[in-house]
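The next block is target-v4.cif, given as mmCIF, C-alpha atoms.
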data_work
loop_
_atom_site.label_atom_id
_atom_site.label_comp_id
_atom_site.auth_asym_id
_atom_site.auth_seq_id
_atom_site.Cartn_x
_atom_site.Cartn_y
_atom_site.Cartn_z
CA MET U 1 -0.06 4.88 -11.71
CA LYS U 2 3.39 4.37 -13.18
CA PRO U 3 3.76 1.77 -15.95
CA ASN U 4 6.32 -0.97 -15.57
CA PRO U 5 9.74 0.60 -16.22
CA SER U 6 12.15 -0.62 -18.85
CA PRO U 7 14.12 -3.26 -16.93
CA HIS U 8 17.47 -2.61 -18.62
CA GLU U 9 17.98 1.16 -18.52
CA ARG U 10 20.87 1.81 -16.12
CA VAL U 11 20.31 4.85 -13.93
CA LYS U 12 22.23 4.47 -10.66
CA VAL U 13 25.77 3.40 -9.96
CA GLY U 14 26.82 2.52 -6.42
CA SER U 15 29.88 0.92 -4.87
CA GLY U 16 30.11 -2.34 -6.76
CA VAL U 17 26.49 -2.33 -7.96
CA GLN U 18 24.70 -0.81 -10.90
CA LEU U 19 20.93 -0.42 -10.69
CA THR U 20 18.36 -0.30 -13.45
CA THR U 21 15.18 1.74 -13.60
CA ARG U 22 13.24 -1.40 -12.70
CA ASP U 23 15.50 -2.00 -9.68
CA ILE U 24 14.70 1.50 -8.42
CA ALA U 25 10.98 0.96 -9.05
CA ILE U 26 11.13 -2.31 -7.10
CA LEU U 27 12.76 -0.55 -4.15
CA GLU U 28 10.14 2.21 -4.27
CA PHE U 29 7.30 -0.32 -4.43
CA ILE U 30 8.56 -2.31 -1.44
CA ASN U 31 9.12 0.79 0.66
CA MET U 32 5.78 2.33 -0.29
CA PHE U 33 4.25 -0.29 2.01
CA GLY U 34 7.34 -1.15 4.06
CA PHE U 35 7.39 -4.75 2.89
CA CYS U 36 5.86 -7.09 0.34
CA GLU U 37 5.59 -10.75 -0.53
CA THR U 38 7.06 -12.38 -3.64
CA ALA U 39 3.71 -12.88 -5.37
CA GLN U 40 3.02 -9.14 -5.09
CA LEU U 41 6.35 -8.28 -6.69
CA ASN U 42 5.60 -10.74 -9.47
CA ARG U 43 2.23 -9.08 -10.16
CA ARG U 44 3.54 -5.54 -10.01
CA PHE U 45 6.53 -6.11 -12.29
CA GLU U 46 5.32 -9.08 -14.35
CA LEU U 47 8.13 -11.28 -13.09
CA ARG U 48 8.25 -15.05 -13.25
CA CYS U 49 10.39 -17.73 -11.67
CA PRO U 50 13.39 -17.99 -11.83
CA ARG U 51 13.90 -14.41 -13.06
CA ASN U 52 12.22 -12.95 -9.97
CA TYR U 53 14.70 -14.68 -7.65
CA GLN U 54 17.64 -13.61 -9.80
CA VAL U 55 16.57 -9.96 -9.61
CA MET U 56 15.89 -10.02 -5.87
CA ASN U 57 19.01 -12.01 -4.97
CA ARG U 58 21.10 -9.40 -6.78
CA LEU U 59 19.48 -6.64 -4.69
CA ILE U 60 19.99 -8.66 -1.52
CA LYS U 61 23.67 -9.22 -2.30
CA ALA U 62 24.01 -5.48 -2.94
CA GLY U 63 22.84 -4.84 0.62
CA LEU U 64 19.66 -3.06 -0.48
CA VAL U 65 17.01 -5.63 0.42
CA THR U 66 16.52 -8.28 3.10
CA HIS U 67 14.36 -11.39 2.95
CA GLN U 68 12.82 -12.98 6.02
CA ARG U 69 10.15 -15.49 7.00
CA VAL U 70 7.66 -13.99 9.45
CA PHE U 71 4.99 -16.69 9.72
CA HIS U 72 5.57 -20.34 8.94
CA ASP U 73 2.34 -20.55 6.92
CA ARG U 74 3.05 -17.43 4.83
CA PRO U 75 5.63 -16.67 2.12
CA GLY U 76 8.70 -14.73 3.13
CA ILE U 77 8.77 -10.96 2.81
CA TYR U 78 11.15 -8.41 1.35
CA ARG U 79 12.10 -5.25 3.23
CA LEU U 80 14.62 -2.52 2.48
CA THR U 81 17.81 -1.91 4.36
CA LYS U 82 18.81 1.61 5.28
CA ARG U 83 21.00 1.68 2.18
CA GLY U 84 18.15 0.48 -0.02
CA ALA U 85 15.75 3.04 1.44
CA GLY U 86 18.22 5.74 0.40
CA PHE U 87 17.00 5.24 -3.17
CA THR U 88 13.41 6.04 -2.11
CA ASP U 89 11.54 8.90 -0.43
CA LEU U 90 10.75 6.95 2.75
CA PRO U 91 12.82 5.50 5.59
CA PRO U 92 13.03 1.72 5.91
CA LEU U 93 10.27 0.05 7.88
CA SER U 94 11.46 -0.12 11.48
CA ARG U 95 9.17 -2.94 12.59
CA LEU U 96 6.36 -5.09 11.26
CA ARG U 97 2.92 -4.74 12.80
CA LEU U 98 2.40 -8.45 13.33
CA GLY U 99 -1.15 -8.00 14.59
CA ASN U 100 -2.01 -6.13 11.38
CA TYR U 101 -0.05 -8.37 9.01
CA ARG U 102 -3.06 -9.84 7.18
CA HIS U 103 -4.61 -6.39 6.84
CA ASP U 104 -1.39 -4.85 5.54
CA VAL U 105 -0.91 -7.63 2.96
CA MET U 106 -4.44 -7.03 1.70
CA VAL U 107 -3.77 -3.31 1.37
CA ILE U 108 -0.98 -4.17 -1.07
CA ASP U 109 -3.24 -6.61 -2.94
CA LEU U 110 -5.96 -3.97 -3.16
CA TYR U 111 -3.47 -1.40 -4.44
CA LEU U 112 -2.52 -3.81 -7.22
CA ALA U 113 -6.19 -4.34 -8.10
CA LEU U 114 -6.86 -0.59 -8.13
CA ARG U 115 -3.76 -0.03 -10.22
CA GLN U 116 -5.11 -2.43 -12.81
CA ARG U 117 -8.58 -0.83 -12.78
CA TYR U 118 -7.33 2.79 -12.74
CA PRO U 119 -3.93 2.82 -14.50
CA GLU U 120 -4.03 6.62 -14.80
CA ALA U 121 -4.38 7.11 -11.03
CA GLN U 122 -1.72 7.77 -8.43
CA TRP U 123 -1.51 6.15 -5.01
CA VAL U 124 -0.39 7.73 -1.74
CA SER U 125 0.39 5.08 0.86
CA GLU U 126 -0.29 5.34 4.57
CA ARG U 127 3.47 5.50 5.17
CA ALA U 128 3.72 8.52 2.87
CA LEU U 129 0.77 10.16 4.64
CA MET U 130 2.51 9.65 7.98
CA ARG U 131 5.70 11.19 6.57
CA ASP U 132 3.89 14.27 5.28
CA LYS U 133 3.19 15.92 8.60
CA HIS U 134 1.28 18.70 6.87
CA THR U 135 -1.35 16.15 5.82
CA PRO U 136 -4.07 16.17 8.47
CA GLY U 137 -5.69 13.02 9.75
CA VAL U 138 -9.40 12.76 10.44
CA GLY U 139 -11.20 12.52 13.74
CA GLN U 140 -9.99 13.28 17.22
CA ARG U 141 -6.88 11.08 16.98
CA GLY U 142 -5.81 12.03 13.49
CA HIS U 143 -6.93 8.79 11.84
CA LEU U 144 -5.25 8.15 8.48
CA PRO U 145 -6.71 6.05 5.68
CA ASP U 146 -4.93 2.96 4.39
CA GLY U 147 -4.16 4.89 1.23
CA VAL U 148 -5.35 7.72 -0.98
CA LEU U 149 -6.29 7.27 -4.62
CA LEU U 150 -5.69 10.28 -6.84
CA LEU U 151 -7.78 10.17 -10.00
CA PRO U 152 -7.28 12.81 -12.72
CA GLU U 153 -9.52 15.84 -12.30
CA GLN U 154 -11.18 14.45 -9.16
CA LYS U 155 -10.75 15.11 -5.47
CA SER U 156 -8.71 12.63 -3.47
CA ILE U 157 -10.38 9.36 -2.51
CA ALA U 158 -9.58 7.93 0.91
CA VAL U 159 -9.32 4.13 0.80
CA GLU U 160 -10.01 1.94 3.82
CA ILE U 161 -9.86 -1.83 4.31
CA GLU U 162 -12.00 -3.25 7.10
CA LEU U 163 -11.70 -6.95 7.91
CA SER U 164 -13.25 -6.96 11.40
CA MET U 165 -15.73 -4.95 13.43
CA LYS U 166 -14.58 -1.68 14.91
CA GLY U 167 -16.27 -0.44 18.05
CA LYS U 168 -19.34 1.65 17.27
CA HIS U 169 -18.05 4.84 18.89
CA ARG U 170 -14.64 4.54 17.26
CA LEU U 171 -16.18 4.03 13.83
CA GLU U 172 -18.55 6.94 14.38
CA ARG U 173 -15.59 9.22 15.19
CA ILE U 174 -13.81 8.15 12.01
CA LEU U 175 -16.86 8.63 9.81
CA LYS U 176 -17.62 12.03 11.33
CA GLY U 177 -13.99 12.96 10.81
CA TYR U 178 -14.31 12.16 7.13
CA SER U 179 -17.47 14.29 6.96
CA ALA U 180 -15.35 17.26 8.03
CA ALA U 181 -12.28 16.37 5.96
CA PHE U 182 -12.86 18.44 2.84
CA ASP U 183 -9.62 17.25 1.24
CA TYR U 184 -11.38 14.00 0.34
CA GLY U 185 -14.11 13.86 -2.26
CA ALA U 186 -15.10 10.32 -1.32
CA VAL U 187 -14.22 7.44 0.98
CA TRP U 188 -14.14 3.93 -0.44
CA TYR U 189 -14.44 1.15 2.13
CA TYR U 190 -13.35 -2.34 1.07
CA CYS U 191 -14.83 -4.73 3.58
CA SER U 192 -14.97 -8.40 4.42
CA ASP U 193 -18.43 -9.87 4.01
CA ALA U 194 -18.75 -10.00 7.79
CA VAL U 195 -18.58 -6.22 8.25
CA ALA U 196 -19.84 -4.76 4.95
CA ALA U 197 -23.47 -4.49 6.06
CA TYR U 198 -22.46 -3.07 9.45
CA ILE U 199 -20.40 -0.24 7.97
CA ALA U 200 -23.04 0.41 5.30
CA SER U 201 -25.64 0.90 8.04
CA MET U 202 -23.36 3.25 9.97
CA ALA U 203 -22.70 5.31 6.83
CA ALA U 204 -26.25 5.22 5.47
CA ARG U 205 -26.60 9.02 5.60
CA MET U 206 -23.16 9.70 4.18
CA PRO U 207 -23.43 9.48 0.38
CA PHE U 208 -19.73 10.21 -0.09
CA ILE U 209 -18.91 6.82 1.47
CA LYS U 210 -19.03 3.85 -0.88
CA ILE U 211 -18.90 0.24 0.34
CA HIS U 212 -17.16 -2.47 -1.68
CA ARG U 213 -16.86 -6.15 -0.92
CA LEU U 214 -13.14 -6.73 -0.69
CA GLN U 215 -13.14 -10.33 -1.89
CA GLU U 216 -14.76 -9.32 -5.18
CA TRP U 217 -11.76 -7.08 -5.86
CA LEU U 218 -9.11 -9.59 -4.85
CA THR U 219 -10.38 -12.54 -6.88
#
As structure tokens, what does this structure read like?
Amino acid sequence: MKPNPSPHERVKVGSGVQLTTRDIAILEFINMFGFCETAQLNRRFELRCPRNYQVMNRLIKAGLVTHQRVFHDRPGIYRLTKRGAGFTDLPPLSRLRLGNYRHDVMVIDLYLALRQRYPEAQWVSERALMRDKHTPGVGQRGHLPDGVLLLPEQKSIAVEIELSMKGKHRLERILKGYSAAFDYGAVWYYCSDAVAAYIASMAARMPFIKIHRLQEWLT
């Protein structure tokens, strides 16, 4: 995964704004997932207050980023405008999946944990998988993982976060789909304590599936 860029190298000049390599990396990081919270930006780019707000306010004033409060008990989030997304390989996020908000936040947190554990790896987000129409999903409905971890000299690893029980038949279809998806060398499930044993029992005869307890990775 990419190291933190030099924050001062100037690489892009727009109408009235000049961006640094770190600015571009921030835009790419936000749009990889569609949004992110301030604490996640701080972790990814080793930012601290008040510097983090100075950097983000400059991008907001340049019309590249928006900031909004979604839930009263959660921090605000950053998203890219259409102009900001033009500096990345993905379109801006059209709408938040409010019902999946907690899950999607934890996907970002897990990415940051995996990035720390496997700095040499690359990450392909679900949004990038959806963009790449040539990338097949698994199962009857083309299920996509929450992300794909690319480790050097290894086959791709599909990464899934499960916080709640899926229906038995739906989970069986997904697991069988992974059995037939030869693009993946392994599937790593990161589960809440409530569902870890359930998924482990469903995947007992599938040695390519590894179960992790999510909380152990996020603490």
Query - Polymer residues at most 9 Å from Asp183 in chain U, all atoms listed in the file, same-chain spacing of 5 or more positions, as a ChimeraX atom specification - result: /U:155-157
Query - Counting all atoms listed in the file, the option among U:Lys61, U:Arg102, U:Arg48, U:Lys176 closest to Arg74 in chain U - result: U:Arg102
Centre, edges in Å (one decimal): axis-aligned box, range 36-45 of chain U, 3 Å padding on all six sides, as AutoDock Vina command-line options:
--center_x 4.6 --center_y -9.2 --center_z -6.0 --size_x 10.8 --size_y 13.3 --size_z 18.6
Query raised in the report: Of the candidates U:Leu80, U:Leu112, U:Val159, U:Met206, which one gets nearest to Asn42 in chain U if we count all atoms listed in the file?
Result: U:Leu112
Report task. Run the PyMOL selection byres ((chain U and resi 193) around 9) mentally over the shown coordinates, then write out the matched residues as a list of chain:residue names, using the chain letters and numbers from the document. Result ->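 Residues picked by the PyMOL selection byres ((chain U and resi 193) around 9): U:Leu163, U:Cys191, U:Ser192, U:Ala194, U:Val195, U:Ala196, U:Ala197, U:Arg213, U:Leu214, U:Gln215.
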Requested in this report: Find the residue from U:Ile30, U:Met106, U:Ile24, U:Ala113 that sits nearest to His67 in chain U; use only C-alpha atoms when measuring.
Outcome: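 The shortest atom-to-atom distance to His67 in chain U comes from U:Ile30.
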**Report entry** 12 Å contact set for Ser201 in chain U, all atoms listed in the file, chain neighbours under 3 positions out, as a list in words
**Finding:** Lys168, Leu171, Glu172, Leu175, Val195, Ala196, Ala197, Tyr198, Ala204, Arg205, Met206, Pro207, Ile209, Lys210 and Ile211 of chain U
Report summary line: Between U:Leu64, U:Met165, U:Val70, U:Leu114, smallest distance to Arg44 in chain U by all atoms listed in the file belongs to U:Leu114
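Relative to CA of Ser94 in chain U, CA of His72 in chain U is found at 21.2 Å.
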Query raised in the report: What is the CA of Arg131 in chain U to CA of Asp89 in chain U distance in Å?
Result: 9.4 Å
Report task. List the neighbours of Pro91 in chain U out to 10 Å using only C-alpha atoms; skip same-chain residues closer than 2 positions along the sequence, and give me the result as a ChimeraX atom specification. Result -> /U:31-32,34,80-89,93-94,127-128,131
Query - Polymer residues at most 8 Å from Tyr118 in chain U, all atoms listed in the file, same-chain spacing of 3 or more positions, as a PyMOL selection string - result: chain U and resi 1+114-115+121+151
Using the incomplete input, complete range 83-107 of chain U to the level of N, CA and C atoms; output as a PDB file, in the frame of the given file.
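For reference, selection.pdb as written:
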ATOM      1  N   ARG U  83      20.368   1.316   3.455  1.00  0.00           N
ATOM      2  CA  ARG U  83      21.000   1.680   2.180  1.00  0.00           C
ATOM      3  C   ARG U  83      19.979   1.630   1.048  1.00  0.00           C
ATOM      4  N   GLY U  84      19.157   0.594   1.029  1.00  0.00           N
ATOM      5  CA  GLY U  84      18.150   0.480  -0.020  1.00  0.00           C
ATOM      6  C   GLY U  84      17.135   1.600   0.046  1.00  0.00           C
ATOM      7  N   ALA U  85      16.737   1.974   1.277  1.00  0.00           N
ATOM      8  CA  ALA U  85      15.750   3.040   1.440  1.00  0.00           C
ATOM      9  C   ALA U  85      16.298   4.383   0.959  1.00  0.00           C
ATOM     10  N   GLY U  86      17.625   4.503   0.892  1.00  0.00           N
ATOM     11  CA  GLY U  86      18.220   5.740   0.400  1.00  0.00           C
ATOM     12  C   GLY U  86      17.878   6.036  -1.050  1.00  0.00           C
ATOM     13  N   PHE U  87      17.418   5.037  -1.783  1.00  0.00           N
ATOM     14  CA  PHE U  87      17.000   5.240  -3.170  1.00  0.00           C
ATOM     15  C   PHE U  87      15.512   5.578  -3.274  1.00  0.00           C
ATOM     16  N   THR U  88      14.841   5.745  -2.132  1.00  0.00           N
ATOM     17  CA  THR U  88      13.410   6.040  -2.110  1.00  0.00           C
ATOM     18  C   THR U  88      13.166   7.305  -1.287  1.00  0.00           C
ATOM     19  N   ASP U  89      11.902   7.688  -1.181  1.00  0.00           N
ATOM     20  CA  ASP U  89      11.540   8.900  -0.430  1.00  0.00           C
ATOM     21  C   ASP U  89      11.125   8.603   1.002  1.00  0.00           C
ATOM     22  N   LEU U  90      11.198   7.336   1.422  1.00  0.00           N
ATOM     23  CA  LEU U  90      10.750   6.950   2.750  1.00  0.00           C
ATOM     24  C   LEU U  90      11.857   6.223   3.499  1.00  0.00           C
ATOM     25  N   PRO U  91      11.853   6.287   4.816  1.00  0.00           N
ATOM     26  CA  PRO U  91      12.820   5.500   5.590  1.00  0.00           C
ATOM     27  C   PRO U  91      12.454   4.033   5.529  1.00  0.00           C
ATOM     28  N   PRO U  92      13.391   3.142   5.867  1.00  0.00           N
ATOM     29  CA  PRO U  92      13.030   1.720   5.910  1.00  0.00           C
ATOM     30  C   PRO U  92      12.026   1.455   7.012  1.00  0.00           C
ATOM     31  N   LEU U  93      11.237   0.423   6.850  1.00  0.00           N
ATOM     32  CA  LEU U  93      10.270   0.050   7.880  1.00  0.00           C
ATOM     33  C   LEU U  93      11.019  -0.404   9.114  1.00  0.00           C
ATOM     34  N   SER U  94      10.725   0.206  10.248  1.00  0.00           N
ATOM     35  CA  SER U  94      11.460  -0.120  11.480  1.00  0.00           C
ATOM     36  C   SER U  94      10.987  -1.425  12.098  1.00  0.00           C
ATOM     37  N   ARG U  95       9.692  -1.686  12.025  1.00  0.00           N
ATOM     38  CA  ARG U  95       9.170  -2.940  12.590  1.00  0.00           C
ATOM     39  C   ARG U  95       7.863  -3.307  11.905  1.00  0.00           C
ATOM     40  N   LEU U  96       7.624  -4.598  11.809  1.00  0.00           N
ATOM     41  CA  LEU U  96       6.360  -5.090  11.260  1.00  0.00           C
ATOM     42  C   LEU U  96       5.273  -5.027  12.322  1.00  0.00           C
ATOM     43  N   ARG U  97       4.069  -4.691  11.904  1.00  0.00           N
ATOM     44  CA  ARG U  97       2.920  -4.740  12.800  1.00  0.00           C
ATOM     45  C   ARG U  97       2.301  -6.126  12.683  1.00  0.00           C
ATOM     46  N   LEU U  98       2.793  -7.049  13.502  1.00  0.00           N
ATOM     47  CA  LEU U  98       2.400  -8.450  13.330  1.00  0.00           C
ATOM     48  C   LEU U  98       0.894  -8.633  13.490  1.00  0.00           C
ATOM     49  N   GLY U  99       0.287  -7.883  14.402  1.00  0.00           N
ATOM     50  CA  GLY U  99      -1.150  -8.000  14.590  1.00  0.00           C
ATOM     51  C   GLY U  99      -1.944  -7.508  13.393  1.00  0.00           C
ATOM     52  N   ASN U 100      -1.333  -6.680  12.558  1.00  0.00           N
ATOM     53  CA  ASN U 100      -2.010  -6.130  11.380  1.00  0.00           C
ATOM     54  C   ASN U 100      -1.496  -6.743  10.081  1.00  0.00           C
ATOM     55  N   TYR U 101      -0.742  -7.844  10.194  1.00  0.00           N
ATOM     56  CA  TYR U 101      -0.050  -8.370   9.010  1.00  0.00           C
ATOM     57  C   TYR U 101      -1.035  -8.705   7.889  1.00  0.00           C
ATOM     58  N   ARG U 102      -2.094  -9.453   8.210  1.00  0.00           N
ATOM     59  CA  ARG U 102      -3.060  -9.840   7.180  1.00  0.00           C
ATOM     60  C   ARG U 102      -3.686  -8.614   6.537  1.00  0.00           C
ATOM     61  N   HIS U 103      -4.041  -7.644   7.351  1.00  0.00           N
ATOM     62  CA  HIS U 103      -4.610  -6.390   6.840  1.00  0.00           C
ATOM     63  C   HIS U 103      -3.630  -5.692   5.905  1.00  0.00           C
ATOM     64  N   ASP U 104      -2.373  -5.580   6.326  1.00  0.00           N
ATOM     65  CA  ASP U 104      -1.390  -4.850   5.540  1.00  0.00           C
ATOM     66  C   ASP U 104      -1.099  -5.546   4.211  1.00  0.00           C
ATOM     67  N   VAL U 105      -1.087  -6.883   4.215  1.00  0.00           N
ATOM     68  CA  VAL U 105      -0.910  -7.630   2.960  1.00  0.00           C
ATOM     69  C   VAL U 105      -2.067  -7.345   2.015  1.00  0.00           C
ATOM     70  N   MET U 106      -3.279  -7.288   2.556  1.00  0.00           N
ATOM     71  CA  MET U 106      -4.440  -7.030   1.700  1.00  0.00           C
ATOM     72  C   MET U 106      -4.463  -5.607   1.174  1.00  0.00           C
ATOM     73  N   VAL U 107      -3.889  -4.671   1.900  1.00  0.00           N
ATOM     74  CA  VAL U 107      -3.770  -3.310   1.370  1.00  0.00           C
ATOM     75  C   VAL U 107      -2.914  -3.327   0.103  1.00  0.00           C
TER      76      VAL U 107
END
